[in-house]
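Peer 1: So here's upload-v3.txt, just compact mmCIF, C-alpha atoms and all ligand atoms:
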```
# COMPACT_ATOMS: atom_id res chain seq x y z
CA MET A 126 -9.01 -19.17 4.14
CA PRO A 127 -5.83 -17.09 4.35
CA THR A 128 -5.34 -14.44 1.67
CA THR A 129 -2.68 -15.23 -0.92
CA ILE A 130 -1.36 -13.43 -4.00
CA GLN A 131 -3.42 -15.94 -6.01
CA SER A 132 -6.64 -15.16 -4.10
CA LEU A 133 -6.12 -11.44 -4.75
CA LYS A 134 -5.74 -12.23 -8.46
CA ALA A 135 -8.93 -14.30 -8.29
CA CYS A 136 -10.73 -11.30 -6.71
CA LYS A 137 -9.64 -9.15 -9.64
CA GLU A 138 -10.80 -11.73 -12.19
CA ALA A 139 -14.16 -12.03 -10.41
CA GLY A 140 -14.55 -8.24 -10.12
CA GLU A 141 -14.61 -8.46 -6.30
CA LYS A 142 -13.06 -5.56 -4.39
CA PHE A 143 -10.68 -6.21 -1.48
CA ALA A 144 -9.68 -4.12 1.53
CA VAL A 145 -6.22 -3.22 2.82
CA ILE A 146 -5.40 -1.42 6.10
CA THR A 147 -2.08 -0.37 7.57
CA SER A 148 -1.09 -1.85 10.91
CA TYR A 149 2.17 -1.67 12.78
CA ASP A 150 1.60 -3.82 15.88
CA ALA A 151 0.22 -7.15 17.06
CA THR A 152 -2.97 -5.88 18.72
CA PHE A 153 -4.27 -3.89 15.77
CA SER A 154 -3.21 -6.65 13.39
CA HIS A 155 -5.38 -9.06 15.35
CA VAL A 156 -8.31 -6.59 15.23
CA VAL A 157 -8.08 -5.81 11.49
CA ALA A 158 -7.41 -9.42 10.44
CA SER A 159 -10.32 -10.68 12.59
CA ALA A 160 -12.55 -8.04 10.98
CA GLY A 161 -11.82 -9.63 7.59
CA VAL A 162 -9.30 -7.35 5.89
CA GLU A 163 -7.50 -9.18 3.09
CA VAL A 164 -4.14 -7.39 3.31
CA ILE A 165 -2.28 -5.71 6.18
CA LEU A 166 0.25 -3.11 5.04
CA VAL A 167 3.16 -2.59 7.44
CA GLY A 168 3.69 0.83 5.90
CA ASP A 169 6.68 3.07 6.37
CA SER A 170 3.96 5.63 7.14
CA LEU A 171 4.77 4.46 10.67
CA GLY A 172 7.53 7.08 10.54
CA MET A 173 4.84 9.77 10.45
CA VAL A 174 1.99 8.02 12.29
CA LEU A 175 3.91 6.42 15.18
CA GLN A 176 7.17 8.37 15.30
CA GLY A 177 5.91 11.88 14.48
CA HIS A 178 8.33 12.59 11.63
CA ASP A 179 7.23 14.87 8.78
CA SER A 180 8.14 12.25 6.15
CA THR A 181 8.85 8.52 5.83
CA LEU A 182 12.55 9.07 5.10
CA PRO A 183 13.92 8.46 8.63
CA VAL A 184 12.43 4.94 8.86
CA THR A 185 15.09 2.20 9.03
CA MET A 186 15.25 -1.47 8.06
CA GLU A 187 15.58 -2.41 11.74
CA GLN A 188 12.32 -0.60 12.52
CA MET A 189 10.48 -2.24 9.59
CA ILE A 190 11.70 -5.67 10.73
CA TYR A 191 10.57 -4.98 14.33
CA HIS A 192 7.08 -3.89 13.25
CA THR A 193 6.70 -6.70 10.68
CA GLU A 194 7.51 -9.26 13.38
CA ALA A 195 4.89 -7.72 15.68
CA VAL A 196 2.25 -7.68 12.92
CA LYS A 197 2.95 -11.32 12.11
CA ARG A 198 2.34 -12.30 15.77
CA GLY A 199 -1.12 -10.67 15.79
CA ASN A 200 -2.19 -11.63 12.29
CA GLN A 201 -4.81 -14.23 11.47
CA GLY A 202 -5.02 -15.00 7.78
CA ALA A 203 -4.35 -11.60 6.19
CA LEU A 204 -1.59 -11.21 3.62
CA ILE A 205 1.21 -9.14 5.18
CA MET A 206 2.79 -6.57 2.85
CA ALA A 207 5.85 -4.78 4.28
CA ASP A 208 7.34 -1.55 2.97
CA MET A 209 11.02 -1.42 2.14
CA PRO A 210 12.20 1.88 3.65
CA PHE A 211 14.02 4.74 1.94
CA MET A 212 17.38 3.71 0.41
CA SER A 213 16.99 0.03 1.34
CA TYR A 214 16.56 -0.97 -2.34
CA ALA A 215 18.83 1.49 -4.19
CA THR A 216 20.47 -1.44 -6.05
CA PRO A 217 19.00 -4.87 -6.91
CA GLU A 218 21.55 -6.62 -4.66
CA GLN A 219 20.76 -4.38 -1.70
CA ALA A 220 17.03 -4.92 -2.34
CA LEU A 221 17.45 -8.70 -2.33
CA GLU A 222 19.33 -8.68 0.97
CA ASN A 223 16.83 -6.38 2.69
CA ALA A 224 13.69 -7.97 1.19
CA ALA A 225 14.87 -11.36 2.48
CA LEU A 226 15.07 -9.89 6.01
CA LEU A 227 11.47 -8.63 5.79
CA MET A 228 10.25 -12.00 4.47
CA GLN A 229 12.02 -13.76 7.36
CA ALA A 230 10.35 -11.28 9.75
CA GLY A 231 6.91 -12.40 8.52
CA ALA A 232 6.08 -10.47 5.33
CA HIS A 233 4.36 -12.31 2.47
CA LEU A 234 5.29 -9.62 -0.05
CA ILE A 235 7.30 -6.42 -0.03
CA LYS A 236 6.48 -2.98 -1.46
CA ILE A 237 8.92 -0.66 -3.21
CA GLU A 238 8.33 2.82 -4.63
CA GLY A 239 9.19 3.89 -8.16
CA GLY A 240 8.75 3.41 -11.89
CA ASP A 241 10.36 1.21 -14.51
CA TRP A 242 13.87 1.72 -13.08
CA LEU A 243 12.75 -0.94 -10.56
CA CYS A 244 12.25 -3.64 -13.20
CA GLU A 245 15.66 -5.26 -12.69
CA THR A 246 15.06 -5.36 -8.93
CA ILE A 247 11.53 -6.75 -9.39
CA SER A 248 12.87 -9.56 -11.63
CA MET A 249 15.64 -10.38 -9.18
CA LEU A 250 13.24 -10.63 -6.21
CA SER A 251 10.45 -12.36 -8.09
CA GLU A 252 12.76 -15.02 -9.58
CA ARG A 253 13.99 -15.78 -6.06
CA GLY A 254 10.48 -16.26 -4.63
CA ILE A 255 9.81 -12.81 -3.17
CA PRO A 256 6.50 -11.30 -4.33
CA VAL A 257 6.65 -7.57 -5.08
CA CYS A 258 4.19 -4.68 -5.01
CA ALA A 259 5.33 -1.65 -7.02
CA HIS A 260 4.06 1.70 -5.67
CA LEU A 261 3.36 4.34 -8.37
CA GLY A 262 1.88 7.85 -8.43
CA LEU A 263 2.65 9.83 -5.30
CA THR A 264 5.68 8.00 -3.92
CA PRO A 265 6.25 9.53 -0.46
CA GLN A 266 9.94 8.53 -0.26
CA SER A 267 10.48 10.91 -3.22
CA VAL A 268 8.67 13.85 -1.60
CA ASN A 269 11.77 16.04 -1.97
CA LYS A 270 11.90 15.41 -5.73
CA LEU A 271 8.13 15.80 -6.12
CA GLY A 272 8.05 19.09 -4.20
CA GLY A 273 5.32 17.98 -1.79
CA TYR A 274 2.51 15.48 -1.35
CA LYS A 275 0.72 16.24 -4.63
CA VAL A 276 -1.58 14.43 -7.04
CA GLN A 277 0.47 12.76 -9.82
CA GLY A 278 -0.36 11.94 -13.45
CA ARG A 279 -2.62 14.87 -14.31
CA GLU A 280 -0.68 15.69 -17.51
CA SER A 281 -1.42 13.25 -20.29
CA ALA A 282 2.27 12.38 -20.90
CA ASP A 283 2.70 11.56 -17.19
CA ALA A 284 -0.47 9.46 -17.21
CA GLU A 285 0.67 7.44 -20.25
CA ALA A 286 4.12 6.98 -18.67
CA MET A 287 2.53 5.68 -15.45
CA ILE A 288 0.54 3.07 -17.38
CA ALA A 289 3.72 2.07 -19.28
CA HIS A 290 5.62 1.73 -15.96
CA ALA A 291 2.91 -0.56 -14.54
CA ILE A 292 2.91 -2.75 -17.66
CA ALA A 293 6.71 -3.03 -17.58
CA GLN A 294 6.67 -3.83 -13.85
CA GLU A 295 4.07 -6.55 -14.33
CA GLN A 296 6.17 -8.02 -17.16
CA ALA A 297 9.21 -7.94 -14.85
CA GLY A 298 7.29 -10.00 -12.27
CA ALA A 299 5.41 -7.53 -10.04
CA ASP A 300 2.42 -9.27 -8.44
CA VAL A 301 0.60 -6.17 -7.21
CA ILE A 302 0.63 -2.46 -8.11
CA LEU A 303 -0.28 0.30 -5.63
CA LEU A 304 -1.40 3.71 -6.88
CA GLU A 305 -1.37 6.73 -4.59
CA CYS A 306 -3.02 10.08 -5.32
CA VAL A 307 -3.75 9.84 -9.03
CA PRO A 308 -6.81 10.99 -10.99
CA SER A 309 -9.55 8.42 -10.84
CA ASP A 310 -9.87 7.96 -14.64
CA LEU A 311 -6.13 7.24 -14.94
CA ALA A 312 -6.33 4.71 -12.06
CA GLY A 313 -9.29 2.99 -13.74
CA ARG A 314 -7.47 2.79 -17.09
CA LEU A 315 -4.27 1.51 -15.52
CA THR A 316 -6.20 -1.14 -13.55
CA GLN A 317 -7.77 -2.39 -16.79
CA SER A 318 -4.38 -2.43 -18.57
CA ILE A 319 -2.76 -5.12 -16.41
CA SER A 320 -3.81 -8.44 -14.90
CA ALA A 321 -2.04 -7.87 -11.57
CA PRO A 322 -4.33 -6.57 -8.79
CA VAL A 323 -4.15 -2.79 -8.27
CA ILE A 324 -4.60 -1.23 -4.81
CA GLY A 325 -5.53 2.45 -4.65
CA ILE A 326 -5.33 5.25 -2.11
CA GLY A 327 -6.67 8.56 -3.36
CA ALA A 328 -7.04 6.84 -6.75
CA GLY A 329 -10.82 6.58 -7.04
CA PRO A 330 -13.19 3.62 -7.14
CA GLY A 331 -11.77 1.90 -10.27
CA THR A 332 -8.91 -0.01 -8.62
CA ASP A 333 -9.26 -3.64 -7.47
CA GLY A 334 -8.55 -2.90 -3.81
CA GLN A 335 -8.41 0.12 -1.50
CA VAL A 336 -5.98 0.96 1.28
CA LEU A 337 -6.24 3.47 4.12
CA VAL A 338 -3.93 4.25 7.00
CA LEU A 339 -5.61 2.79 10.11
CA HIS A 340 -5.25 5.97 12.18
CA ASP A 341 -6.86 8.00 9.34
CA LEU A 342 -9.91 5.76 9.07
CA LEU A 343 -10.29 5.89 12.87
CA GLY A 344 -10.22 9.70 12.68
CA ILE A 345 -7.37 10.08 15.19
CA THR A 346 -4.65 11.49 12.91
CA PRO A 347 -3.83 15.02 14.11
CA GLY A 348 -3.96 17.93 11.67
CA ARG A 349 -5.56 18.30 8.27
CA ARG A 350 -7.24 15.20 6.86
CA PRO A 351 -6.40 14.41 3.19
CA LYS A 352 -9.35 14.55 0.75
CA PHE A 353 -9.19 10.78 0.12
CA VAL A 354 -9.69 9.86 3.81
CA LYS A 355 -13.01 9.01 5.42
CA ASN A 356 -13.46 8.83 9.21
CA PHE A 357 -15.27 5.51 9.69
CA MET A 358 -15.67 6.11 13.45
CA GLU A 359 -18.48 8.49 12.48
CA GLY A 360 -21.55 6.27 12.67
CA SER A 361 -19.69 3.42 14.44
CA ASP A 362 -19.65 2.77 18.18
CA SER A 363 -16.37 0.81 18.33
CA VAL A 364 -13.00 0.48 16.64
CA GLU A 365 -14.02 -2.97 15.36
CA GLY A 366 -17.25 -1.47 14.01
CA ALA A 367 -15.38 1.27 12.14
CA ILE A 368 -12.96 -1.23 10.58
CA LYS A 369 -15.83 -3.48 9.52
CA ALA A 370 -17.69 -0.46 8.08
CA TYR A 371 -14.59 0.42 6.01
CA ILE A 372 -14.22 -3.15 4.70
CA GLU A 373 -17.92 -3.30 3.83
CA ALA A 374 -17.81 0.11 2.10
CA VAL A 375 -14.82 -1.00 -0.01
CA LYS A 376 -16.41 -4.31 -0.98
CA SER A 377 -19.75 -2.72 -1.89
CA GLY A 378 -18.05 0.04 -3.90
CA GLN A 379 -19.45 2.79 -1.63
CA PHE A 380 -15.92 3.89 -0.69
CA PRO A 381 -14.28 5.86 -2.14
CA ALA A 382 -17.16 8.22 -3.00
CA PRO A 383 -16.74 11.13 -5.45
CA GLU A 384 -15.75 13.50 -2.62
CA HIS A 385 -12.71 11.26 -1.87
CA THR A 386 -11.37 11.20 -5.44
CA PHE A 387 -9.21 13.40 -7.65
CA SER A 388 -9.89 14.38 -11.27
O1 LIG B 401 3.32 3.57 4.09
C1 LIG B 401 2.12 3.51 3.83
O2 LIG B 401 1.25 3.44 4.71
C2 LIG B 401 1.73 3.49 2.43
C3 LIG B 401 0.30 3.79 2.11
C4 LIG B 401 0.02 5.22 2.25
C5 LIG B 401 -0.09 3.28 0.79
O3 LIG B 401 2.55 3.29 1.57
```
As structure tokens, please, write out the structure in this file.
Ligand code: KIV
Peer 2:
Amino acid sequence: MPTTIQSLKACKEAGEKFAVITSYDATFSHVVASAGVEVILVGDSLGMVLQGHDSTLPVTMEQMIYHTEAVKRGNQGALIMADMPFMSYATPEQALENAALLMQAGAHLIKIEGGDWLCETISMLSERGIPVCAHLGLTPQSVNKLGGYKVQGRESADAEAMIAHAIAQEQAGADVILLECVPSDLAGRLTQSISAPVIGIGAGPGTDGQVLVLHDLLGITPGRRPKFVKNFMEGSDSVEGAIKAYIEAVKSGQFPAPEHTFS
């Protein structure tokens, strides 16, 4: 059965974890979807992973459309979530125009980064039939405001604000929330505070789903590996085996382990 927003919500209600992996092309989309991943994220991380930039900021709408179309061609049953790139959703009207292009390219939902300032945009998209994932915590498109790729929400006021943002975004119509690099107890509390499914990366084991960048879980990303990443090629003898090991570890709750989480 293909994954839908409704089946992700059913997973949350049943307490079943689901797995998300980034993919940017048709071949890997075929491999990860055949392995049983529920959601493929066409992440703007492609700016760093494929293009070699030091941030996601240079990624354009045209590039996201190109990669979303390729992912759609290789996909078999996974829900395709496409990132809206930097400055493509600065106003609700601009967001609507650009989100429609990604949906026409093959996305089933779009992801945007930010807090409750996005509520008007979320309502506008949601009311017009475009499902939205709101990305909270470390929002890489704001790296220049944040001063680096750092854990977010460690101060109690920031943690409470993040939970309030997620509640407001769900009320505005967000179907999914994604949390990046936040302390695991905050991620667990936030996940319990809303009925929308929550996907985590560097957010501990308490979220409903987990996401990793494909190249990270295959251990081929050059340079320093973030704490929240596990190389699933270790102990696997094929790419398919590593992807299946990741999915199994997410579903069984073995990943992320304490060494992959922040406090
Ligand atoms: O672009 C991306 O791959 C992402 C993940 C890191 C969550 O947003």
Peer 1: Could you report the residues within 6 Å of ligand LIG 401 (chain B), using all atoms listed in the file, as an MDAnalysis selection string?
Peer 2: chainID A and resid 147 168:170 338
Peer 1: Could you state the separation of atom CA of A:Ala370 and atom CA of A:Met209 in Å, given to one decimal place?
Peer 2: 29.3 Å
Peer 1: Tell me, as a list of chain:residue names, which residues lie within 8 Å of stretch 290-295 of chain A, counting only C-alpha atoms; anything in the same chain fewer than 2 positions away does not count.
Peer 2: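 Listed by chain and then number, they are A:Gly240, A:Asp241, A:Leu243, A:Cys244, A:Ile247, A:Ala259, A:Leu261, A:Ala286, A:Met287, A:Ile288, A:Ala297, A:Gly298, A:Ala299, A:Asp300, A:Val301, A:Ile302, A:Leu315, A:Ser318, A:Ile319, A:Ala321.
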Peer 1: Contacts between stretch 341-349 of chain A and stretch 156-226 of chain A, please, where a residue of stretch 156-226 of chain A counts if it comes within 12 Å (with all atoms listed in the file); show its shortest atom pair and distance in Å to one decimal, rows by chain and ascending number, as JSON lines.
Peer 2:
```
{"residue": "A:Val157", "atom": "CA", "partner": "A:Leu342", "partner_atom": "CA", "distance": 12.0}
{"residue": "A:Ser170", "atom": "CA", "partner": "A:Asp341", "partner_atom": "CA", "distance": 11.3}
{"residue": "A:Leu171", "atom": "CA", "partner": "A:Thr346", "partner_atom": "CA", "distance": 12.0}
{"residue": "A:Met173", "atom": "CA", "partner": "A:Thr346", "partner_atom": "CA", "distance": 10.0}
{"residue": "A:Val174", "atom": "CA", "partner": "A:Thr346", "partner_atom": "CA", "distance": 7.5}
{"residue": "A:Leu175", "atom": "CA", "partner": "A:Thr346", "partner_atom": "CA", "distance": 10.2}
{"residue": "A:Gly177", "atom": "CA", "partner": "A:Pro347", "partner_atom": "CA", "distance": 10.2}
{"residue": "A:Asp179", "atom": "CA", "partner": "A:Gly348", "partner_atom": "CA", "distance": 12.0}
```
Peer 1: Taking only C-alpha atoms into account, which of A:Lys369, A:Lys355, A:His385, A:His155 comes nearest A:Gly202?
Peer 2: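 Counting only C-alpha atoms, the residue closest to A:Gly202 is A:His155.
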Peer 1: List as number ranges by chain the protein and nucleic acid residues near A:Phe387, meaning an atom at most 10 Å away when only C-alpha atoms are counted, but skip any in the same chain fewer than 3 places from it.
Peer 2: A: 276-277, 279, 306-310, 327-329, 352-353, 383-384
Peer 1: Quick one, how far is atom CA of A:Phe380 from atom CA of A:Phe357?
Peer 2: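 Atom CA of A:Phe380 sits 10.5 Å away from atom CA of A:Phe357.
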Peer 1: Restricting the calculation to only C-alpha atoms: of A:Pro256, A:Gly366, A:Gly231, A:Gly278, which residue gets closest to A:Ile205?
Peer 2: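 Smallest separation from A:Ile205 among the options: A:Gly231.
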Peer 1: Please, what distance in Å, to one decimal, runs between atom CA of A:Ser154 and atom CA of A:Val196?
Peer 2: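 Going from atom CA of A:Ser154 over to atom CA of A:Val196, I get 5.6 Å.
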Peer 1: From the options A:Ala232, A:Ala224, A:Ile368, A:Leu271, which residue's atoms come nearest to A:Pro210, counting all atoms listed in the file?
Peer 2: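 Residue with the minimum atom-to-atom distance to A:Pro210: A:Ala224.
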